[in-house]
Each structure stands twice: as structure tokens, then as C-alpha cells.
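Q: Input coords21.cif, format and content: mmCIF, C-alpha atoms.
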data_upload
#
loop_
_atom_site.label_atom_id
_atom_site.label_comp_id
_atom_site.auth_asym_id
_atom_site.auth_seq_id
_atom_site.Cartn_x
_atom_site.Cartn_y
_atom_site.Cartn_z
CA MET A 1 57.07 88.68 143.41
CA GLY A 2 55.45 91.81 142.01
CA THR A 3 52.64 91.84 139.55
CA GLY A 4 52.34 93.95 136.46
CA THR A 5 51.06 94.15 132.96
CA VAL A 6 52.42 91.56 130.57
CA ASN A 7 52.65 92.74 127.01
CA PRO A 8 51.44 90.12 124.50
CA PRO A 9 54.16 88.85 122.20
CA CYS A 10 54.28 90.33 118.75
CA ASP A 11 52.68 87.83 116.36
CA THR A 12 55.10 88.39 113.54
CA SER A 13 58.48 86.90 112.90
CA PRO A 14 61.58 88.95 112.07
CA GLY A 15 61.33 90.57 108.66
CA GLU A 16 57.52 90.57 108.65
CA SER A 17 55.24 93.54 109.15
CA HIS A 18 54.63 94.38 112.81
CA VAL A 19 50.87 94.73 112.42
CA ARG A 20 49.31 92.96 115.39
CA GLY A 21 46.54 90.41 115.13
CA THR A 22 47.39 89.34 111.60
CA GLN A 23 49.26 86.08 112.10
CA SER A 24 46.37 83.82 111.10
CA VAL A 25 45.63 85.95 108.05
CA ARG A 26 49.24 85.81 106.93
CA ARG A 27 49.38 82.05 107.44
CA ALA A 28 46.18 81.52 105.45
CA LEU A 29 47.51 83.65 102.59
CA GLN A 30 50.80 81.76 102.75
CA LEU A 31 48.92 78.47 102.34
CA LEU A 32 46.73 79.87 99.56
CA ARG A 33 49.81 80.90 97.58
CA ARG A 34 51.31 77.45 98.05
CA VAL A 35 48.13 75.80 96.78
CA ALA A 36 48.12 78.12 93.77
CA LYS A 37 51.68 77.13 92.90
CA SER A 38 50.71 73.43 92.79
CA ASN A 39 47.25 73.88 91.35
CA ASP A 40 47.80 71.71 88.27
CA ARG A 41 48.53 68.62 90.35
CA GLY A 42 47.13 69.58 93.77
CA VAL A 43 48.90 69.37 97.11
CA ARG A 44 48.30 67.29 100.24
CA LEU A 45 48.07 68.51 103.81
CA ALA A 46 51.31 66.76 104.80
CA GLN A 47 53.17 68.59 102.03
CA LEU A 48 51.77 71.93 103.16
CA VAL A 49 52.90 71.21 106.72
CA ARG A 50 56.43 70.38 105.53
CA ASP A 51 56.77 73.24 103.09
CA GLU A 52 55.30 76.03 105.20
CA GLY A 53 56.67 75.04 108.60
CA LEU A 54 53.30 75.10 110.35
CA ASP A 55 51.99 72.45 112.72
CA ARG A 56 49.44 70.00 111.35
CA ALA A 57 46.51 71.17 113.49
CA THR A 58 46.95 74.82 112.49
CA THR A 59 47.39 73.94 108.83
CA TYR A 60 44.28 71.75 108.83
CA ARG A 61 42.21 74.43 110.57
CA LEU A 62 43.23 77.16 108.15
CA MET A 63 42.77 74.94 105.09
CA SER A 64 39.32 73.87 106.29
CA CYS A 65 38.35 77.53 106.57
CA LEU A 66 39.62 78.22 103.04
CA VAL A 67 37.61 75.22 101.79
CA GLU A 68 34.45 76.45 103.55
CA GLU A 69 34.89 79.88 101.98
CA GLN A 70 35.50 78.21 98.57
CA PHE A 71 38.93 79.75 98.10
CA VAL A 72 40.27 76.18 98.05
CA ASP A 73 38.79 72.88 96.84
CA ARG A 74 39.56 69.52 98.48
CA ASP A 75 38.85 66.49 96.30
CA SER A 76 38.09 62.86 97.19
CA GLU A 77 41.81 62.08 97.27
CA HIS A 78 42.38 64.89 99.79
CA LEU A 79 44.28 67.03 97.30
CA TYR A 80 43.90 70.79 97.61
CA ARG A 81 43.49 73.06 94.59
CA LEU A 82 42.29 76.62 94.08
CA GLY A 83 38.56 77.01 94.48
CA PRO A 84 36.06 79.17 92.55
CA GLU A 85 36.28 82.19 94.85
CA ALA A 86 40.03 82.49 94.32
CA VAL A 87 39.61 82.16 90.56
CA LEU A 88 36.64 84.53 90.17
CA LEU A 89 37.60 87.26 92.62
CA GLY A 90 39.63 89.15 90.06
CA SER A 91 36.69 89.25 87.65
CA LEU A 92 34.90 91.66 90.01
CA LEU A 93 37.54 94.35 89.51
CA PRO A 94 36.32 97.40 87.59
CA GLN A 95 38.27 98.69 84.62
CA PRO A 96 40.99 99.73 84.55
CA THR A 97 42.40 97.05 86.81
CA PRO A 98 45.16 97.87 89.31
CA LEU A 99 47.52 95.91 87.06
CA LEU A 100 46.86 98.20 84.12
CA ARG A 101 46.98 101.36 86.21
CA ARG A 102 50.48 100.30 87.17
CA PHE A 103 51.76 99.25 83.77
CA VAL A 104 50.05 101.42 81.14
CA PRO A 105 52.08 104.62 81.83
CA VAL A 106 55.28 102.57 81.63
CA MET A 107 54.22 100.91 78.39
CA LYS A 108 53.27 104.24 76.86
CA ARG A 109 56.75 105.62 77.64
CA ILE A 110 58.44 102.55 76.14
CA GLY A 111 56.27 102.79 73.03
CA ARG A 112 56.91 106.50 72.66
CA ILE A 113 60.69 106.18 73.02
CA ALA A 114 61.19 102.93 71.11
CA GLY A 115 58.49 103.64 68.54
CA ASP A 116 57.39 100.00 68.44
CA THR A 117 54.57 97.87 69.82
CA VAL A 118 54.78 96.99 73.51
CA PHE A 119 53.02 94.00 75.09
CA LEU A 120 52.27 93.13 78.71
CA MET A 121 52.12 89.34 78.97
CA MET A 122 51.07 87.70 82.27
CA ARG A 123 51.52 84.04 83.10
CA GLN A 124 48.35 81.99 83.44
CA GLY A 125 49.25 78.37 84.14
CA ASP A 126 50.99 76.95 81.06
CA PHE A 127 50.21 80.08 79.05
CA VAL A 128 50.78 83.80 78.98
CA TYR A 129 47.93 86.12 78.09
CA CYS A 130 48.13 89.60 76.67
CA ALA A 131 46.90 91.94 79.41
CA HIS A 132 47.61 95.10 77.41
CA ARG A 133 49.17 96.39 74.20
CA GLU A 134 50.52 99.82 73.31
CA GLU A 135 51.35 100.81 69.73
CA GLY A 136 54.35 103.04 69.08
CA HIS A 137 54.68 105.71 66.40
CA SER A 138 56.39 103.48 63.84
CA PRO A 139 54.42 103.52 60.56
CA ILE A 140 54.63 99.72 60.39
CA LYS A 141 52.75 98.20 63.32
CA ILE A 142 53.68 94.76 64.61
CA LEU A 143 50.42 93.42 66.03
CA THR A 144 51.21 89.73 66.48
CA THR A 145 49.11 89.39 69.65
CA SER A 146 45.75 90.88 70.63
CA ILE A 147 44.64 91.92 74.10
CA GLY A 148 43.19 88.87 75.86
CA GLN A 149 44.89 86.39 73.54
CA ARG A 150 46.74 83.47 75.14
CA ARG A 151 49.95 81.88 73.93
CA LEU A 152 51.64 78.71 75.14
CA LEU A 153 54.79 79.34 77.16
CA GLY A 154 57.80 79.44 74.87
CA THR A 155 55.89 80.19 71.66
CA GLY A 156 56.30 83.96 71.69
CA THR A 157 58.63 86.63 73.02
CA GLY A 158 56.87 87.28 76.35
CA GLY A 159 56.21 83.60 76.97
CA THR A 160 59.81 82.73 76.17
CA ALA A 161 61.03 85.38 78.62
CA VAL A 162 58.87 83.85 81.38
CA LEU A 163 60.52 80.46 80.80
CA GLY A 164 63.67 81.99 82.27
CA LEU A 165 61.93 82.32 85.65
CA MET A 166 60.96 78.63 85.74
CA ASP A 167 63.13 75.72 86.83
CA GLU A 168 63.73 72.69 84.61
CA ALA A 169 61.17 70.52 86.42
CA GLU A 170 58.46 73.14 85.95
CA VAL A 171 59.31 73.53 82.26
CA ALA A 172 59.23 69.74 81.83
CA GLY A 173 55.80 69.61 83.48
CA THR A 174 54.50 72.29 81.15
CA PHE A 175 55.77 70.36 78.14
CA ALA A 176 54.25 67.06 79.33
CA ARG A 177 50.81 68.62 79.70
CA ASN A 178 50.96 70.26 76.27
CA SER A 179 53.17 67.95 74.20
CA THR A 180 50.72 67.81 71.28
CA ALA A 181 50.49 71.59 71.04
CA TYR A 182 54.27 71.95 71.27
CA ALA A 183 54.67 69.37 68.51
CA GLU A 184 52.52 71.59 66.29
CA HIS A 185 55.00 74.40 66.95
CA ARG A 186 57.90 71.97 66.30
CA ILE A 187 59.20 72.50 69.81
CA SER A 188 60.72 69.52 71.62
CA LEU A 189 61.35 69.30 75.35
CA ASP A 190 65.07 69.84 74.75
CA ARG A 191 64.29 72.93 72.69
CA LEU A 192 61.97 74.32 75.38
CA GLN A 193 64.58 73.75 78.08
CA ALA A 194 67.23 75.38 75.87
CA LEU A 195 65.03 78.45 75.43
CA GLY A 196 64.71 78.84 79.20
CA THR A 197 68.46 78.39 79.67
CA ALA A 198 69.23 81.00 77.01
CA VAL A 199 66.95 83.53 78.68
CA ARG A 200 68.59 82.96 82.06
CA GLU A 201 72.05 83.40 80.54
CA GLN A 202 71.16 86.48 78.46
CA GLY A 203 68.80 88.08 80.98
CA CYS A 204 66.17 88.55 78.27
CA ALA A 205 64.42 86.76 75.42
CA LEU A 206 65.42 87.58 71.85
CA VAL A 207 63.09 86.09 69.25
CA PHE A 208 63.27 86.37 65.47
CA ASP A 209 60.68 85.28 62.89
CA SER A 210 58.32 84.01 65.61
CA PHE A 211 54.95 82.48 64.57
CA GLY A 212 56.17 82.36 60.98
CA GLU A 213 56.22 86.16 60.87
CA THR A 214 59.26 86.60 58.64
CA GLY A 215 61.07 89.85 59.28
CA VAL A 216 59.59 90.31 62.78
CA ALA A 217 61.73 90.36 65.93
CA GLY A 218 61.05 90.78 69.62
CA LEU A 219 62.78 91.40 72.93
CA GLY A 220 61.16 90.40 76.21
CA ILE A 221 62.14 90.82 79.85
CA ALA A 222 60.34 88.83 82.53
CA PHE A 223 59.54 89.90 86.08
CA ARG A 224 58.05 88.49 89.24
CA MET A 225 55.06 89.95 91.04
CA GLY A 226 54.58 88.86 94.63
CA LYS A 227 55.63 85.35 95.51
CA HIS A 228 54.35 83.41 92.49
CA GLY A 229 53.16 85.89 89.86
CA MET A 230 55.16 86.08 86.62
CA GLY A 231 54.91 88.31 83.60
CA ALA A 232 56.94 89.99 80.89
CA ILE A 233 57.11 93.20 78.92
CA SER A 234 58.02 92.58 75.30
CA VAL A 235 58.71 94.89 72.37
CA ALA A 236 58.00 93.80 68.80
CA THR A 237 59.75 95.38 65.84
CA LEU A 238 61.14 94.70 62.37
CA THR A 239 64.22 92.50 62.14
CA ALA A 240 65.75 94.98 59.68
CA ARG A 241 65.82 97.71 62.32
CA PHE A 242 66.81 95.52 65.27
CA GLY A 243 70.57 95.27 65.19
CA PHE A 244 72.76 94.79 68.24
CA GLU A 245 72.94 98.48 69.17
CA ARG A 246 69.17 98.90 69.09
CA GLN A 247 68.63 95.65 70.99
CA HIS A 248 70.85 97.07 73.74
CA LYS A 249 68.94 100.36 73.86
CA VAL A 250 65.53 98.69 73.99
CA ARG A 251 66.72 96.31 76.69
CA GLN A 252 68.04 99.17 78.81
CA LEU A 253 64.78 101.05 78.34
CA VAL A 254 62.60 98.14 79.47
CA GLU A 255 64.90 97.26 82.37
CA THR A 256 64.88 100.86 83.60
CA GLU A 257 61.09 101.02 83.53
CA LEU A 258 60.73 97.71 85.38
CA ARG A 259 63.18 98.86 88.04
CA GLY A 260 61.09 101.99 88.42
CA LEU A 261 58.13 99.73 89.24
CA GLY A 262 60.23 97.83 91.79
CA LEU A 263 60.03 94.66 89.71
CA HIS A 264 62.82 92.22 89.00
CA ALA A 265 63.40 88.70 87.70
#
Could you render the structure as C-alpha cells?

A:
Amino acid sequence: MGTGTVNPPCDTSPGESHVRGTQSVRRALQLLRRVAKSNDRGVRLAQLVRDEGLDRATTYRLMSCLVEEQFVDRDSEHLYRLGPEAVLLGSLLPQPTPLLRRFVPVMKRIGRIAGDTVFLMMRQGDFVYCAHREEGHSPIKILTTSIGQRRLLGTGTGGTAVLGLMDEAEVAGTFARNSTAYAEHRISLDRLQALGTAVREQGCALVFDSFGETGVAGLGIAFRMGKHGMGAISVATLTARFGFERQHKVRQLVETELRGLGLHA
């Protein structure tokens, strides 16, 4: 039998990038994303093995490395949650962040064409925070949310839009953790679930007189970034100038800009 050179097998599965030598990196990132998704309650090794389709030894080895590097924490009950390195890494980014470099030109166009205030709201656990705001040319500015401000999911236009990307169990978990705060907003679990259902059926969030701001309306469209990231672009305007025809135009405008970024619900 002749001898010859044996080419090493490609370490990627169909549909993945064919960069060699990256399998362990991809698996570690896959596990890190899974931990992030369950960070409120933590996740056990056995669950990671089942969900990610990796063998137990490989999963344990990769998770131990992530714990050593402080990207993941493992508590006394052997539950994994995000560690300080994962949480703080983004704080080292200079301004403007890559997120803003991507979204600001889009938001400026929406503001210029629509004339109203445009918000970029990004999900952060049970909240959305305002990552950026652009003011249109309308003489009456709707400034209901400031940059850096956080709002509970479902209590504003952007946060209501994001509800449409969440399943009922996730919405119920959010409500359970924040039931007192939702009670202050007079939002029941049924109401929160109904908001998410309405967004899924309509494809956008339409909010009127939010936060007690009589005469203020908003339209928000949510998007996914990567595997778990969620956000929304919302436009705030006056109810008096937000009839059906204008709602349709603003929705088309936002949807077109999001498609241009390669983002979708």
C-alpha cells in the first residue's frame, strides 16, 4: 500500500467559515453566548452539553478556561454566569463605538426624512437602554428618553418592539423579576404578553400617549444582532401628525434602513 500525505480534516462543519484551526475558538464563543442567554438564572454543565451538542469533556475543558480567564463565573452550585471580563470588555471601546458608527448615519437619514426624533434602544437584560438619539427638523422635539437612560421592557416604544422578539416564557420571566415595577406602570402579565403578541402580528410597535405624555406617539421596529443581541429603532412624534398614511411611510423608511444594515427581526 502506498504512502502519501494525508490532508487534515477541515475543522468546520457545513455552513461554517472554512478558516482552519478555529474550532475550539468557535466552540468557546458558542458556549459563552449560551451562558449569556441564561445569565439571569445561570446554566449547568449538563444543560450546555445537551444544548450545544458537545461532549462533556470538551465542554468542561472550554468552560474551565473561560472561568480561569474570568469571562464566565461558576458559583458554589456549579451554575455558570457571565464573568467580569465579559461584562467590562465593552467599556474599553473608544468613542464612537462600532455600534454607533454603524447606526448613526442611518438614524440621521431617518431623522432628516421623517423630521422627528429617532432613538436607538438596545436590550440589556430586562431593560432597553438608549444608545443614541437623533433629533429631526420638526420644531417640536419629542425627547422622552435621554442617551444612556434605561427603560423596562414594554414601557416604551423601543422596549415594546423588542418584546416581539421574545417568546412567552421569556416575557413571563421578565415580568416575574420586575412585577413591582410593572405594577407601578399598571402593566399586568397578560398585558405584557398581549403587547408582545401585537408586535409580532403587526411587525412593529405602535405606542400612543406613552409615559403619560399625552399627544405623543411612537413607532418602533426591533432587530436582532448576532445570535442573542436585540435592539430597536423607534421614531417619536406628535399623535396629531401620525395618522395611518404617515405611520406607513415611517415604517417603510425604518424597515428600508434596517435592511440596508443587513438586520432583521

Q: I'd like to know which of A:Leu89, A:Ala169, A:Ala161, A:Cys130 is closest to Gln202 in chain A, using all atoms listed in the file.

A: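 Of the candidates, the smallest distance to Gln202 in chain A is held by A:Ala161.
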
Q: If we count only C-alpha atoms, what is near Leu32 in chain A at a cut-off of 12 Å, once residues fewer than 2 positions away on the same chain are taken out, given as a ChimeraX atom specification?

A: /A:25-30,34-39,42-43,48,52,59,62-67,70-73,80-83,85-87,227-228

Q: Sorted by chain and rising residue number, which residues of range 37-151 of chain A lie within 10 Å of range 236-242 of chain A, and what are their closest atom pairs and distances in Å to one decimal, counting only C-alpha atoms, as JSON lines?

A:
{"residue": "A:Ala114", "atom": "CA", "partner": "A:Thr237", "partner_atom": "CA", "distance": 9.3}
{"residue": "A:Gly115", "atom": "CA", "partner": "A:Thr237", "partner_atom": "CA", "distance": 8.8}
{"residue": "A:Asp116", "atom": "CA", "partner": "A:Thr237", "partner_atom": "CA", "distance": 5.8}
{"residue": "A:Thr117", "atom": "CA", "partner": "A:Ala236", "partner_atom": "CA", "distance": 5.4}
{"residue": "A:Val118", "atom": "CA", "partner": "A:Ala236", "partner_atom": "CA", "distance": 6.5}
{"residue": "A:Phe119", "atom": "CA", "partner": "A:Ala236", "partner_atom": "CA", "distance": 8.0}
{"residue": "A:Glu135", "atom": "CA", "partner": "A:Ala236", "partner_atom": "CA", "distance": 9.7}
{"residue": "A:Gly136", "atom": "CA", "partner": "A:Thr237", "partner_atom": "CA", "distance": 9.9}
{"residue": "A:Ser138", "atom": "CA", "partner": "A:Thr237", "partner_atom": "CA", "distance": 9.0}
{"residue": "A:Ile140", "atom": "CA", "partner": "A:Leu238", "partner_atom": "CA", "distance": 8.5}
{"residue": "A:Lys141", "atom": "CA", "partner": "A:Thr237", "partner_atom": "CA", "distance": 8.0}
{"residue": "A:Ile142", "atom": "CA", "partner": "A:Ala236", "partner_atom": "CA", "distance": 6.1}
{"residue": "A:Leu143", "atom": "CA", "partner": "A:Ala236", "partner_atom": "CA", "distance": 8.1}
{"residue": "A:Thr144", "atom": "CA", "partner": "A:Ala236", "partner_atom": "CA", "distance": 8.2}
{"residue": "A:Thr145", "atom": "CA", "partner": "A:Ala236", "partner_atom": "CA", "distance": 10.0}

Q: Quick one: pull the distance between CA of Asp126 in chain A and CA of Leu258 in chain A, Å, one decimal.

A: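 Pair CA of Asp126 in chain A / CA of Leu258 in chain A returns 23.3 Å.
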
Q: Using the chain letters and residue numbers of this document, give as an MDAnalysis selection string the residues selected by the PyMOL selection byres ((chain A and resi 124) around 10).

A: chainID A and resid 121:123 125:129 150:153 229:231

Q: Around (61.2, 73.5, 79.7), as given in the file, which residues come within 8 Å? Count only C-alpha atoms and list them as a ChimeraX atom specification.

A: /A:163,166-175,189-196

Q: Residues picked by the PyMOL selection byres ((chain A and resi 263) around 10) here, as an mmCIF file with C-alpha atoms, in the frame of the given file?

A:
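Writing done, so here's result_25.cif:
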data_model
loop_
_atom_site.group_PDB
_atom_site.id
_atom_site.type_symbol
_atom_site.label_atom_id
_atom_site.label_comp_id
_atom_site.auth_asym_id
_atom_site.auth_seq_id
_atom_site.Cartn_x
_atom_site.Cartn_y
_atom_site.Cartn_z
ATOM 1 C CA ALA A 222 60.340 88.830 82.530
ATOM 2 C CA PHE A 223 59.540 89.900 86.080
ATOM 3 C CA ARG A 224 58.050 88.490 89.240
ATOM 4 C CA MET A 225 55.060 89.950 91.040
ATOM 5 C CA GLY A 226 54.580 88.860 94.630
ATOM 6 C CA GLU A 255 64.900 97.260 82.370
ATOM 7 C CA THR A 256 64.880 100.860 83.600
ATOM 8 C CA GLU A 257 61.090 101.020 83.530
ATOM 9 C CA LEU A 258 60.730 97.710 85.380
ATOM 10 C CA ARG A 259 63.180 98.860 88.040
ATOM 11 C CA GLY A 260 61.090 101.990 88.420
ATOM 12 C CA LEU A 261 58.130 99.730 89.240
ATOM 13 C CA GLY A 262 60.230 97.830 91.790
ATOM 14 C CA HIS A 264 62.820 92.220 89.000
ATOM 15 C CA ALA A 265 63.400 88.700 87.700
#

Q: Please write the residues picked by the PyMOL selection byres ((chain A and resi 206-210) around 8) on this file as a ChimeraX atom specification.

A: /A:155-157,204-205,211-220,239

Q: To one decimal place in Å, what is the distance between CA of Ile110 in chain A and CA of Glu245 in chain A?

A: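 Interatomic distance, CA of Ile110 in chain A to CA of Glu245 in chain A: 16.6 Å.
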
Q: Would you please work out which residue, of A:Gly21, A:Gly164, A:Pro139, A:Pro105, is nearest to Arg200 in chain A when using all atoms listed in the file?

A: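 Under the stated criterion, the closest residue is A:Gly164.
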
Q: Please compute the CA of Thr160 in chain A-CA of Val250 in chain A distance, one decimal, in Å.

A: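 Separation of CA of Thr160 in chain A and CA of Val250 in chain A: 17.1 Å.
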
Q: Give the padded box for range 173-179 of chain A as AutoDock Vina command-line options: axis-aligned, covering all atoms listed in the file, 3 Å on each side, centre and edge lengths in Å to one decimal.

A:
--center_x 53.3 --center_y 69.7 --center_z 78.8 --size_x 11.0 --size_y 11.2 --size_z 15.3

Q: Which is closer to Ser76 in chain A than all the others in A:Arg61, A:Arg251, A:Arg44, A:Arg50, using all atoms listed in the file?

A: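 Using all atoms listed in the file, the shortest distance to Ser76 in chain A belongs to A:Arg44.
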
Q: Using all atoms listed in the file for the distances, tell me which of A:Ala181, A:Leu31, A:Val162, A:Ile187 is nearest to Ile221 in chain A.

A: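 For Ile221 in chain A, the nearest of the candidates is A:Val162.
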
Q: From the list A:Gln23, A:Arg74, A:Asn178, A:Arg41, which residue is nearest Leu54 in chain A when using all atoms listed in the file?

A: A:Gln23

Q: Counting only C-alpha atoms, which of A:Leu100, A:Arg33, A:Asp40, A:Thr58 gets nearest to Ala176 in chain A?

A: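 Smallest distance to Ala176 in chain A is found for A:Asp40.
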
Q: Please rebuild range 182-209 of chain A with N, CA and C atoms and give the result as a PDB file, in the coordinates of the input.

A:
ATOM      1  N   TYR A 182      52.875  71.593  71.557  1.00  0.00           N
ATOM      2  CA  TYR A 182      54.270  71.950  71.270  1.00  0.00           C
ATOM      3  C   TYR A 182      54.758  71.278  69.992  1.00  0.00           C
ATOM      4  N   ALA A 183      54.289  70.060  69.746  1.00  0.00           N
ATOM      5  CA  ALA A 183      54.670  69.370  68.510  1.00  0.00           C
ATOM      6  C   ALA A 183      54.206  70.157  67.290  1.00  0.00           C
ATOM      7  N   GLU A 184      53.030  70.778  67.394  1.00  0.00           N
ATOM      8  CA  GLU A 184      52.520  71.590  66.290  1.00  0.00           C
ATOM      9  C   GLU A 184      53.418  72.793  66.032  1.00  0.00           C
ATOM     10  N   HIS A 185      54.062  73.274  67.083  1.00  0.00           N
ATOM     11  CA  HIS A 185      55.000  74.400  66.950  1.00  0.00           C
ATOM     12  C   HIS A 185      56.428  73.910  66.667  1.00  0.00           C
ATOM     13  N   ARG A 186      56.588  72.580  66.542  1.00  0.00           N
ATOM     14  CA  ARG A 186      57.900  71.970  66.300  1.00  0.00           C
ATOM     15  C   ARG A 186      58.873  72.306  67.421  1.00  0.00           C
ATOM     16  N   ILE A 187      58.374  72.247  68.644  1.00  0.00           N
ATOM     17  CA  ILE A 187      59.200  72.500  69.810  1.00  0.00           C
ATOM     18  C   ILE A 187      59.279  71.219  70.644  1.00  0.00           C
ATOM     19  N   SER A 188      60.487  70.704  70.804  1.00  0.00           N
ATOM     20  CA  SER A 188      60.720  69.520  71.620  1.00  0.00           C
ATOM     21  C   SER A 188      60.984  69.959  73.061  1.00  0.00           C
ATOM     22  N   LEU A 189      61.027  68.979  73.972  1.00  0.00           N
ATOM     23  CA  LEU A 189      61.350  69.300  75.350  1.00  0.00           C
ATOM     24  C   LEU A 189      62.750  69.899  75.452  1.00  0.00           C
ATOM     25  N   ASP A 190      63.701  69.318  74.724  1.00  0.00           N
ATOM     26  CA  ASP A 190      65.070  69.840  74.750  1.00  0.00           C
ATOM     27  C   ASP A 190      65.104  71.294  74.263  1.00  0.00           C
ATOM     28  N   ARG A 191      64.332  71.567  73.237  1.00  0.00           N
ATOM     29  CA  ARG A 191      64.290  72.930  72.690  1.00  0.00           C
ATOM     30  C   ARG A 191      63.684  73.891  73.719  1.00  0.00           C
ATOM     31  N   LEU A 192      62.622  73.459  74.391  1.00  0.00           N
ATOM     32  CA  LEU A 192      61.970  74.320  75.380  1.00  0.00           C
ATOM     33  C   LEU A 192      62.921  74.605  76.552  1.00  0.00           C
ATOM     34  N   GLN A 193      63.609  73.568  77.005  1.00  0.00           N
ATOM     35  CA  GLN A 193      64.580  73.750  78.080  1.00  0.00           C
ATOM     36  C   GLN A 193      65.705  74.688  77.642  1.00  0.00           C
ATOM     37  N   ALA A 194      66.147  74.534  76.393  1.00  0.00           N
ATOM     38  CA  ALA A 194      67.230  75.380  75.870  1.00  0.00           C
ATOM     39  C   ALA A 194      66.797  76.839  75.804  1.00  0.00           C
ATOM     40  N   LEU A 195      65.532  77.083  75.475  1.00  0.00           N
ATOM     41  CA  LEU A 195      65.030  78.450  75.430  1.00  0.00           C
ATOM     42  C   LEU A 195      65.095  79.084  76.821  1.00  0.00           C
ATOM     43  N   GLY A 196      64.664  78.320  77.835  1.00  0.00           N
ATOM     44  CA  GLY A 196      64.710  78.840  79.200  1.00  0.00           C
ATOM     45  C   GLY A 196      66.139  79.111  79.649  1.00  0.00           C
ATOM     46  N   THR A 197      67.050  78.217  79.305  1.00  0.00           N
ATOM     47  CA  THR A 197      68.460  78.390  79.670  1.00  0.00           C
ATOM     48  C   THR A 197      69.041  79.642  79.007  1.00  0.00           C
ATOM     49  N   ALA A 198      68.719  79.838  77.737  1.00  0.00           N
ATOM     50  CA  ALA A 198      69.230  81.000  77.010  1.00  0.00           C
ATOM     51  C   ALA A 198      68.744  82.302  77.635  1.00  0.00           C
ATOM     52  N   VAL A 199      67.489  82.326  78.051  1.00  0.00           N
ATOM     53  CA  VAL A 199      66.950  83.530  78.680  1.00  0.00           C
ATOM     54  C   VAL A 199      67.667  83.816  79.997  1.00  0.00           C
ATOM     55  N   ARG A 200      67.890  82.767  80.791  1.00  0.00           N
ATOM     56  CA  ARG A 200      68.590  82.960  82.060  1.00  0.00           C
ATOM     57  C   ARG A 200      70.009  83.471  81.848  1.00  0.00           C
ATOM     58  N   GLU A 201      70.678  82.977  80.801  1.00  0.00           N
ATOM     59  CA  GLU A 201      72.050  83.400  80.540  1.00  0.00           C
ATOM     60  C   GLU A 201      72.113  84.814  79.969  1.00  0.00           C
ATOM     61  N   GLN A 202      71.157  85.160  79.107  1.00  0.00           N
ATOM     62  CA  GLN A 202      71.160  86.480  78.460  1.00  0.00           C
ATOM     63  C   GLN A 202      70.492  87.554  79.316  1.00  0.00           C
ATOM     64  N   GLY A 203      69.568  87.123  80.200  1.00  0.00           N
ATOM     65  CA  GLY A 203      68.800  88.080  80.980  1.00  0.00           C
ATOM     66  C   GLY A 203      67.606  88.635  80.249  1.00  0.00           C
ATOM     67  N   CYS A 204      67.331  88.120  79.047  1.00  0.00           N
ATOM     68  CA  CYS A 204      66.170  88.550  78.270  1.00  0.00           C
ATOM     69  C   CYS A 204      65.899  87.515  77.189  1.00  0.00           C
ATOM     70  N   ALA A 205      64.750  87.636  76.551  1.00  0.00           N
ATOM     71  CA  ALA A 205      64.420  86.760  75.420  1.00  0.00           C
ATOM     72  C   ALA A 205      64.583  87.560  74.128  1.00  0.00           C
ATOM     73  N   LEU A 206      65.296  87.006  73.183  1.00  0.00           N
ATOM     74  CA  LEU A 206      65.420  87.580  71.850  1.00  0.00           C
ATOM     75  C   LEU A 206      64.832  86.586  70.866  1.00  0.00           C
ATOM     76  N   VAL A 207      63.805  86.996  70.143  1.00  0.00           N
ATOM     77  CA  VAL A 207      63.090  86.090  69.250  1.00  0.00           C
ATOM     78  C   VAL A 207      63.031  86.714  67.867  1.00  0.00           C
ATOM     79  N   PHE A 208      63.331  85.911  66.856  1.00  0.00           N
ATOM     80  CA  PHE A 208      63.270  86.370  65.470  1.00  0.00           C
ATOM     81  C   PHE A 208      62.381  85.440  64.663  1.00  0.00           C
ATOM     82  N   ASP A 209      61.565  86.025  63.784  1.00  0.00           N
ATOM     83  CA  ASP A 209      60.680  85.280  62.890  1.00  0.00           C
ATOM     84  C   ASP A 209      59.749  84.336  63.670  1.00  0.00           C
TER      85      ASP A 209
END
